[in-house]
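Enquirer: What follows is a single structure, and I will ask about it in a moment.
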Amino acid sequence: MLDGYIEDAPVPAPGDEYGATAAFRLIHSPTDHAADEMVLPCLVTDPALVRTALEDLEEGDLLRVEGVLMLPGVSPDGVLRLRVEALEVLSPAPIREIEPDTVDRYGPYVIVSGSTHSTGADPVQMWTDAGAWVGIAPGPAAVQDMITAYEARTNGT
């Protein structure tokens, strides 16, 4: 059993074009000292765990994994890796801040458009020109709906 952080979001294992397996790298440090850290390639083959890995896990999640260590002479690709047989998310990765790309005005509203590395989406943050927080929309198409909802909340309608 090892605890560690996912280095990059899980992806289908090399050569798996159907998503029947998942691969990720786990950063494990038994002492919390950088000198003791190791990066362990992990392979998931159980269908239920593959779905969890590919759909739910993100870079930075803290996991507890259990499995079988496949030595270089035993694994098909000759790489030391952990074949994961159980995994548990101990703590999800912190939500990433949006990196601002553009700032626009929409009437009395200030809109900051950006992108997140983990989702690839283009979320939009909004404030009033007086500085009141309006919210985050999943994309530019939702700006008018967000304004309508904000005005309904603040005007009591």
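All residue names refer to the structure tokens as shown: chains lettered A, B, ... in order, residues numbered from 1 in each chain, ligands numbered from 1 in order.
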Residues at most 7 Å from A:Glu7, counting only C-alpha atoms, excluding those fewer than 5 positions away in the same chain, as a list in words?

Expert: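 The contact residues come out as Arg25, Leu26, Ile27, Glu59 and Gly60 of chain A.
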
Enquirer: Taking the chain letters and numbering used in this document, name the residues of chain A that DSSP puts in alpha helix (DSSP H), as a compact mmCIF listing (two decimals) with N, CA and C atoms, in the first residue's frame.

Expert:
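Listing of selection_17.txt after writing:
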# COMPACT_ATOMS: atom_id res chain seq x y z
N PRO A 47 -11.59 -3.15 -15.08
CA PRO A 47 -12.49 -2.23 -15.79
C PRO A 47 -13.12 -1.15 -14.91
N ALA A 48 -13.56 -1.50 -13.70
CA ALA A 48 -14.17 -0.50 -12.82
C ALA A 48 -13.15 0.54 -12.39
N LEU A 49 -11.94 0.10 -12.06
CA LEU A 49 -10.89 1.04 -11.66
C LEU A 49 -10.41 1.88 -12.84
N VAL A 50 -10.39 1.28 -14.04
CA VAL A 50 -9.99 2.04 -15.23
C VAL A 50 -10.95 3.20 -15.44
N ARG A 51 -12.24 2.92 -15.33
CA ARG A 51 -13.24 3.99 -15.51
C ARG A 51 -13.03 5.09 -14.47
N THR A 52 -12.82 4.70 -13.21
CA THR A 52 -12.57 5.68 -12.16
C THR A 52 -11.32 6.49 -12.47
N ALA A 53 -10.25 5.81 -12.86
CA ALA A 53 -8.98 6.50 -13.13
C ALA A 53 -9.12 7.48 -14.27
N LEU A 54 -9.73 7.06 -15.38
CA LEU A 54 -9.81 7.92 -16.56
C LEU A 54 -10.83 9.04 -16.42
N GLU A 55 -11.90 8.82 -15.65
CA GLU A 55 -12.97 9.81 -15.58
C GLU A 55 -12.92 10.70 -14.34
N ASP A 56 -12.37 10.18 -13.23
CA ASP A 56 -12.49 10.92 -11.97
C ASP A 56 -11.18 11.47 -11.42
N VAL A 143 -22.88 33.68 -20.24
CA VAL A 143 -22.76 34.99 -19.59
C VAL A 143 -24.12 35.62 -19.35
N GLN A 144 -24.99 35.65 -20.36
CA GLN A 144 -26.29 36.30 -20.19
C GLN A 144 -27.12 35.59 -19.13
N ASP A 145 -27.08 34.27 -19.10
CA ASP A 145 -27.83 33.52 -18.07
C ASP A 145 -27.30 33.85 -16.68
N MET A 146 -25.99 34.00 -16.55
CA MET A 146 -25.41 34.32 -15.25
C MET A 146 -25.82 35.73 -14.82
N ILE A 147 -25.83 36.67 -15.75
CA ILE A 147 -26.26 38.04 -15.42
C ILE A 147 -27.72 38.04 -14.99
N THR A 148 -28.56 37.34 -15.73
CA THR A 148 -29.99 37.27 -15.39
C THR A 148 -30.19 36.69 -13.99
N ALA A 149 -29.48 35.62 -13.68
CA ALA A 149 -29.59 35.00 -12.35
C ALA A 149 -29.09 35.94 -11.27
N TYR A 150 -27.98 36.63 -11.52
CA TYR A 150 -27.42 37.57 -10.53
C TYR A 150 -28.41 38.70 -10.28
N GLU A 151 -28.96 39.27 -11.34
CA GLU A 151 -29.90 40.38 -11.17
C GLU A 151 -31.17 39.94 -10.46
N ALA A 152 -31.61 38.71 -10.72
CA ALA A 152 -32.79 38.19 -10.01
C ALA A 152 -32.49 38.05 -8.52
N ARG A 153 -31.28 37.59 -8.18
CA ARG A 153 -30.90 37.44 -6.76
C ARG A 153 -30.80 38.80 -6.08
N THR A 154 -30.16 39.74 -6.72
CA THR A 154 -29.91 41.03 -6.06
C THR A 154 -31.13 41.94 -6.07
N ASN A 155 -32.04 41.76 -7.03
CA ASN A 155 -33.24 42.59 -7.09
C ASN A 155 -34.41 41.96 -6.36

Enquirer: For the atom pair atom CA of A:Tyr5 and atom CA of A:Val65, what is the interatomic distance in Å to one decimal place?

Expert: 10.4 Å

Enquirer: Between A:Leu87, A:Val110, A:Ala142, A:Ala34, single out the one closest to A:Ala130, counting only C-alpha atoms.

Expert: A:Val110

Enquirer: Skip A:Ala137 itself and residues of its chain fewer than 2 positions away, then list as a short mmCIF file (atom, residue, chain, number, x, y, z; two decimals) with C-alpha atoms, in the first residue's frame all residues within 6 Å of it, counting only C-alpha atoms.

Expert:
data_model
loop_
_atom_site.label_atom_id
_atom_site.label_comp_id
_atom_site.auth_asym_id
_atom_site.auth_seq_id
_atom_site.Cartn_x
_atom_site.Cartn_y
_atom_site.Cartn_z
CA PRO A 123 -14.51 29.47 -17.87
CA VAL A 124 -15.62 33.06 -17.35
CA GLY A 139 -18.07 29.56 -20.98
CA ALA A 142 -23.55 31.33 -20.37
#

Enquirer: Hey, can you check how far atom CA of A:Leu69 sits from atom CA of A:Leu90?

Expert: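 A separation of 21.2 Å between them.
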
Enquirer: A:Leu57, A:Gly19, A:Asp3, A:Ile111: which is nearest A:Asp32, counting only C-alpha atoms?

Expert: A:Asp3

Enquirer: Please, what distance in Å, to one decimal, runs between atom CA of A:Ala23 and atom CA of A:Pro10?

Expert: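 Here the two named atoms are 5.4 Å from each other.
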
Enquirer: Taking only C-alpha atoms into account, name the residue in A:Glu66, A:Asp104, A:Asp77, A:Asp122 that is nearest to A:Val44.

Expert: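 Smallest distance to A:Val44 is found for A:Glu66.
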
Enquirer: To test your reading of the structure, identify every residue in stretch 1-156 of chain A that backbone DSSP assigns to strand (DSSP E or B), and report it as an MDAnalysis selection string.

Expert: chainID A and resid 2:6 11 22:28 38:44 62:70 81:91 99:106 109:115 124:128 133:137

Enquirer: May I have the residues within 12 Å of A:Pro72 as a list in words, using only C-alpha atoms and disregarding those fewer than 6 positions away in the same chain?

Expert: Pro41, Gly78, Val79, Leu80, Arg81 and Leu82 of chain A

Enquirer: Could the residues in this selection be written to a file with C-alpha atoms, as a PDB file, in the first residue's frame?

Expert:
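selection-v4.pdb written:
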ATOM      1  CA  PRO A  41       4.552   4.306 -13.073  1.00  0.00           C
ATOM      2  CA  GLY A  78      10.372  -4.079 -19.392  1.00  0.00           C
ATOM      3  CA  VAL A  79       9.496  -1.165 -17.081  1.00  0.00           C
ATOM      4  CA  LEU A  80       9.173  -1.299 -13.298  1.00  0.00           C
ATOM      5  CA  ARG A  81       5.552  -0.430 -12.533  1.00  0.00           C
ATOM      6  CA  LEU A  82       2.765  -1.011 -10.040  1.00  0.00           C
TER       7      LEU A  82
END

Enquirer: Rank A:Ala132, A:Ala86, A:Val112, A:Leu40 by their smallest atom-to-atom distance to A:Asp8, using only C-alpha atoms, and report the top residue only.

Expert: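 Checking each of A:Ala132, A:Ala86, A:Val112, A:Leu40 against A:Asp8, counting only C-alpha atoms, the winner is A:Leu40.
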
Enquirer: Please provide the set of residues having any atom within 9 Å of A:Asp46, restricted to only C-alpha atoms, with same-chain residues fewer than 5 positions apart removed, written as a VMD selection string.

Expert: chain A and resid 20 to 21 51 84 to 85

Enquirer: Would you mind exporting C-alpha atoms of the selected residues as a PDB file, in the first residue's frame?

Expert:
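Final file, out_28.pdb:
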ATOM      1  CA  ALA A  20      -9.376  -0.560 -21.520  1.00  0.00           C
ATOM      2  CA  THR A  21      -6.409   0.332 -19.311  1.00  0.00           C
ATOM      3  CA  ARG A  51     -13.240   3.989 -15.509  1.00  0.00           C
ATOM      4  CA  VAL A  84      -2.982  -1.195  -9.303  1.00  0.00           C
ATOM      5  CA  GLU A  85      -5.613  -3.497  -7.822  1.00  0.00           C
TER       6      GLU A  85
END
